[in-house]
Amino acid sequence: MIARYTRPEMGALWTDEARYRAWLAVEIAVTEALARRGLVPQADLAEIQAKLPGALDLARIAAIEAEVKHDVIAFVTAVAEKVGPAGRHLHYGLTSSDVVDTALALTMVRAADLLVLGVDRLLAVLERQAMAHKRTVMVGRTHGIHAEPYTLGLKFVSWHLEARRNRARLVAAREEVRTGKLSGAVGTYAHLHPSIEAEVLTVLGLAPEPLATQVIPRDRHAAYMAALGVLASSLDRIATEIRHLQRTDVREVEEPFAKGQKGSSAMPHKRNPIGCENVSGLARLVRSYVQAAFENVPLWHERDISHSSVERVALPDATILCDFMLHRMTGILDGLLVYPERMAENLARMKGLVFSQAVLLALNGAGMARERAYEIVQRAAMRVWEGAGGLQDLLRADPDVRAVLSEDALAACFDASRTLRHVDAIYARAFEKPA
């Protein structure tokens with residue numbers, strides 16, 4: 001991923017050096033397990049342990065790979081050169097994917113840990129904003145059209161619940177890819193005993209893949225990427241909502257606009273939701289990588305290499321982008337500008353239409369047939385759309401309404417607090433602490 005969207009800690013996991021360091025961790029753990037069984041002399045192990053951490057020469061690895069056209073061979077050859085005669089014990093009984101897939105699992109677990117921390121930071125901001133705007137009344141919209149009264153806090157609650165589900169998905173995905181394999185070319189342990197694999201993976205903090213071929217099955221990686229895709233889409237959902245609410249004709253919230261920031265090269269007045277638009281755009285990339293990960297699941301026989309090129313791009317990019325998007329969206333929500341006066345203005349803009357269901361139910365509850373009540377309220381509502389006045393006034397003048405509803409009963413239908421009386425219950429359920 002380009003530097004523009006790469007935060008240092010996540011980006012550092014996916015560098016060439018980090019990849020080779022992970023490979024080294026696998027190689028040395030295997031060599032140590034072999035030494036404990038007397039298959040590697042202790043003197044040679046000591047030499048490997050002393051030299052291996054500093055044995056990385058990226059330029060030499062690249063030079064060898066240019067000749068042999070195989071990155072793992074180039075890596076093992078270059079490292080063995082640095083270690084000296086004891087280097088002959090490296091990669092004993094292993095196939096390339098034993099090292100690559102096991103090391104990749106280490107990296108994916110670390111990336112998931114960073115993403116979980118990012119979600120935790122997002123959750124903290126969402127909860128704070130939910131509590132701050134519990135009673136910030138605004139109009140709810142369906143199909144983009146005014147529906148009934150709502151609160152800004154409920155939007156934050158909804159996003160908070162979704163972020164919690166995303167956290168759970170990330171934790172599950174982390175566990176699903178937390179598997180390694182040292183079972184050889186087709187997964188039969190032809191050259192290393194399964195106990196060596198179990199021992200090494202315990203040291204590395206991984207679980208053994210119950211049955212690997214030459215590779216760990218890619219449904220695990222697809223599930224991991226799917227979790228990233230859902231996370232990205234959830235952030236896109238938040239971004240899309242803010243973008244709609246920031247439109248000039250709505251302007252109920254606005255993403256932060258820093259001192260000295262400029263919105264347009266041509267129009268000095270512009271304050272555009274560029275941060276949210278950025279998140280929406282990057283989410284499209286992450287979703288495209290999910291499809292690529294699904295395509296990686298069906299490999300030929302015990303493996304082919306068609307998945308490798310995809311993962312070199314998709315896994316780093318998707319994790320780096322999700323990390324960046326989490327950081328950006330958390331910052332936007334933390335500094336979100338909120339305009340309650342505008343919300344009140346917009347709520348009143350439709351002259352009482354948002355209370356139409358309350359009137360419908362009141363008429364129905366007073367004994368009027370539902371279809372008749374609907375007809376009366378809709379007739380008045382259509383007149384409001386046409387500019388004839390406010391809904392409450394039009395209904396007050398309707399003899400059919402006056403026949404069943406008192407002045408006070410009709411007025412009560414236009415009280416926003418009645419439609420929002422269960423907000424506390426919603427909050428209690430959403431933020432209920434586990435027993």
# chains A, B, ... in the order shown; residues from 1 in each chain; ligands from 1

call {"tool": "residues_around", "arguments": {"residues": "Leu405 of chain A", "least_positions_apart": "5", "cutoff": "9 Å", "atoms": "only C-alpha atoms", "output": "list in words"}}
result
Ala362, Leu363, Ala366, Asp400 and Leu410 of chain A

call {"tool": "write_last_selection", "arguments": {"atoms": "N, CA and C atoms", "output": "tab-separated table (two decimals), in the first residue's frame"}}
result
chain	number	residue	atom	x	y	z
A	362	ALA	N	-53.74	7.14	17.16
A	362	ALA	CA	-54.69	7.75	18.09
A	362	ALA	C	-56.12	7.63	17.57
A	363	LEU	N	-56.32	7.88	16.29
A	363	LEU	CA	-57.65	7.74	15.70
A	363	LEU	C	-58.12	6.30	15.77
A	366	ALA	N	-59.07	5.37	19.19
A	366	ALA	CA	-60.33	6.00	19.63
A	366	ALA	C	-61.55	5.33	19.02
A	400	ASP	N	-64.09	14.91	11.00
A	400	ASP	CA	-63.95	13.49	11.33
A	400	ASP	C	-62.96	13.28	12.45
A	410	LEU	N	-55.18	15.40	20.34
A	410	LEU	CA	-54.53	15.65	19.06
A	410	LEU	C	-53.16	16.29	19.26

call {"tool": "residues_around", "arguments": {"residues": "segment 177-181 of chain A", "least_positions_apart": "6", "cutoff": "7 Å", "atoms": "only C-alpha atoms", "output": "count of residues only"}}
result
15

call {"tool": "select_by_dssp", "arguments": {"residues": "segment 97-156 of chain A", "states": "strand (DSSP E or B)", "output": "ChimeraX atom specification"}}
result
/A:137-142,145-151

call {"tool": "residues_around", "arguments": {"residues": "Ser280 of chain A", "least_positions_apart": "5", "cutoff": "10 Å", "atoms": "only C-alpha atoms", "output": "list in words"}}
result
Ala232, Ser233, Ser234, Leu235, Asp236, Arg237, Ile238, Ala239, Thr240, Arg243, Ile274, Gly275, Leu285 and Met325 of chain A

call {"tool": "closest_atom_pairs", "arguments": {"of": "segment 254-367 of chain A", "to": "segment 9-33 of chain A", "cutoff": "10 Å", "atoms": "only C-alpha atoms", "output": "Markdown table"}}
result
| residue | atom | partner | partner_atom | distance |
| --- | --- | --- | --- | --- |
| A:Arg312 | CA | A:Trp14 | CA | 9.1 |
| A:Leu315 | CA | A:Trp14 | CA | 8.9 |
| A:Pro316 | CA | A:Trp14 | CA | 6.0 |
| A:Asp317 | CA | A:Gly11 | CA | 9.2 |
| A:Thr319 | CA | A:Met10 | CA | 7.6 |
| A:Ile320 | CA | A:Met10 | CA | 6.0 |
| A:Leu321 | CA | A:Met10 | CA | 9.4 |
| A:Cys322 | CA | A:Met10 | CA | 9.9 |
| A:Asp323 | CA | A:Met10 | CA | 7.1 |
| A:Phe324 | CA | A:Met10 | CA | 8.9 |

call {"tool": "decode", "arguments": {"residues": "segment 185-210 of chain A", "atoms": "N, CA and C atoms", "output": "PDB file, in the first residue's frame"}}
result
ATOM      1  N   ALA A 185       5.886 -31.572   2.108  1.00  0.00           N
ATOM      2  CA  ALA A 185       5.499 -31.220   0.745  1.00  0.00           C
ATOM      3  C   ALA A 185       4.033 -31.499   0.416  1.00  0.00           C
ATOM      4  N   VAL A 186       3.460 -32.554   0.988  1.00  0.00           N
ATOM      5  CA  VAL A 186       2.035 -32.812   0.758  1.00  0.00           C
ATOM      6  C   VAL A 186       1.290 -33.037   2.070  1.00  0.00           C
ATOM      7  N   GLY A 187       1.917 -32.666   3.179  1.00  0.00           N
ATOM      8  CA  GLY A 187       1.233 -32.709   4.454  1.00  0.00           C
ATOM      9  C   GLY A 187       1.227 -34.050   5.154  1.00  0.00           C
ATOM     10  N   THR A 188       2.154 -34.946   4.805  1.00  0.00           N
ATOM     11  CA  THR A 188       2.147 -36.297   5.377  1.00  0.00           C
ATOM     12  C   THR A 188       3.207 -36.509   6.452  1.00  0.00           C
ATOM     13  N   TYR A 189       3.941 -35.462   6.826  1.00  0.00           N
ATOM     14  CA  TYR A 189       5.009 -35.571   7.830  1.00  0.00           C
ATOM     15  C   TYR A 189       6.032 -36.628   7.419  1.00  0.00           C
ATOM     16  N   ALA A 190       6.344 -36.662   6.151  1.00  0.00           N
ATOM     17  CA  ALA A 190       7.263 -37.686   5.639  1.00  0.00           C
ATOM     18  C   ALA A 190       8.672 -37.534   6.206  1.00  0.00           C
ATOM     19  N   HIS A 191       9.057 -36.329   6.602  1.00  0.00           N
ATOM     20  CA  HIS A 191      10.443 -36.093   7.009  1.00  0.00           C
ATOM     21  C   HIS A 191      10.587 -35.489   8.400  1.00  0.00           C
ATOM     22  N   LEU A 192       9.516 -34.974   8.962  1.00  0.00           N
ATOM     23  CA  LEU A 192       9.534 -34.477  10.331  1.00  0.00           C
ATOM     24  C   LEU A 192       8.355 -35.082  11.088  1.00  0.00           C
ATOM     25  N   HIS A 193       8.602 -35.473  12.331  1.00  0.00           N
ATOM     26  CA  HIS A 193       7.540 -36.077  13.135  1.00  0.00           C
ATOM     27  C   HIS A 193       6.527 -35.000  13.543  1.00  0.00           C
ATOM     28  N   PRO A 194       5.242 -35.358  13.621  1.00  0.00           N
ATOM     29  CA  PRO A 194       4.235 -34.382  14.048  1.00  0.00           C
ATOM     30  C   PRO A 194       4.536 -33.748  15.399  1.00  0.00           C
ATOM     31  N   SER A 195       5.249 -34.437  16.254  1.00  0.00           N
ATOM     32  CA  SER A 195       5.576 -33.872  17.565  1.00  0.00           C
ATOM     33  C   SER A 195       6.483 -32.650  17.429  1.00  0.00           C
ATOM     34  N   ILE A 196       7.324 -32.637  16.393  1.00  0.00           N
ATOM     35  CA  ILE A 196       8.190 -31.477  16.160  1.00  0.00           C
ATOM     36  C   ILE A 196       7.329 -30.273  15.790  1.00  0.00           C
ATOM     37  N   GLU A 197       6.359 -30.496  14.923  1.00  0.00           N
ATOM     38  CA  GLU A 197       5.444 -29.426  14.556  1.00  0.00           C
ATOM     39  C   GLU A 197       4.727 -28.885  15.784  1.00  0.00           C
ATOM     40  N   ALA A 198       4.191 -29.769  16.596  1.00  0.00           N
ATOM     41  CA  ALA A 198       3.451 -29.342  17.781  1.00  0.00           C
ATOM     42  C   ALA A 198       4.338 -28.532  18.716  1.00  0.00           C
ATOM     43  N   GLU A 199       5.568 -28.970  18.891  1.00  0.00           N
ATOM     44  CA  GLU A 199       6.503 -28.292  19.778  1.00  0.00           C
ATOM     45  C   GLU A 199       6.855 -26.904  19.258  1.00  0.00           C
ATOM     46  N   VAL A 200       7.162 -26.832  17.967  1.00  0.00           N
ATOM     47  CA  VAL A 200       7.556 -25.556  17.364  1.00  0.00           C
ATOM     48  C   VAL A 200       6.400 -24.563  17.387  1.00  0.00           C
ATOM     49  N   LEU A 201       5.228 -25.023  17.037  1.00  0.00           N
ATOM     50  CA  LEU A 201       4.087 -24.110  16.977  1.00  0.00           C
ATOM     51  C   LEU A 201       3.695 -23.620  18.367  1.00  0.00           C
ATOM     52  N   THR A 202       3.881 -24.450  19.382  1.00  0.00           N
ATOM     53  CA  THR A 202       3.632 -23.993  20.751  1.00  0.00           C
ATOM     54  C   THR A 202       4.568 -22.844  21.100  1.00  0.00           C
ATOM     55  N   VAL A 203       5.827 -22.991  20.716  1.00  0.00           N
ATOM     56  CA  VAL A 203       6.806 -21.930  20.959  1.00  0.00           C
ATOM     57  C   VAL A 203       6.389 -20.649  20.240  1.00  0.00           C
ATOM     58  N   LEU A 204       5.869 -20.781  19.028  1.00  0.00           N
ATOM     59  CA  LEU A 204       5.494 -19.621  18.213  1.00  0.00           C
ATOM     60  C   LEU A 204       4.114 -19.058  18.568  1.00  0.00           C
ATOM     61  N   GLY A 205       3.373 -19.757  19.418  1.00  0.00           N
ATOM     62  CA  GLY A 205       2.043 -19.284  19.796  1.00  0.00           C
ATOM     63  C   GLY A 205       0.973 -19.615  18.777  1.00  0.00           C
ATOM     64  N   LEU A 206       1.205 -20.658  17.996  1.00  0.00           N
ATOM     65  CA  LEU A 206       0.245 -21.068  16.972  1.00  0.00           C
ATOM     66  C   LEU A 206      -0.285 -22.463  17.277  1.00  0.00           C
ATOM     67  N   ALA A 207      -1.396 -22.813  16.638  1.00  0.00           N
ATOM     68  CA  ALA A 207      -1.953 -24.159  16.747  1.00  0.00           C
ATOM     69  C   ALA A 207      -1.637 -24.930  15.461  1.00  0.00           C
ATOM     70  N   PRO A 208      -1.486 -26.261  15.545  1.00  0.00           N
ATOM     71  CA  PRO A 208      -1.232 -27.042  14.333  1.00  0.00           C
ATOM     72  C   PRO A 208      -2.468 -27.094  13.436  1.00  0.00           C
ATOM     73  N   GLU A 209      -2.261 -26.946  12.135  1.00  0.00           N
ATOM     74  CA  GLU A 209      -3.348 -27.186  11.191  1.00  0.00           C
ATOM     75  C   GLU A 209      -3.664 -28.680  11.241  1.00  0.00           C
ATOM     76  N   PRO A 210      -4.918 -29.061  11.533  1.00  0.00           N
ATOM     77  CA  PRO A 210      -5.220 -30.494  11.685  1.00  0.00           C
ATOM     78  C   PRO A 210      -4.844 -31.335  10.471  1.00  0.00           C
TER      79      PRO A 210
END
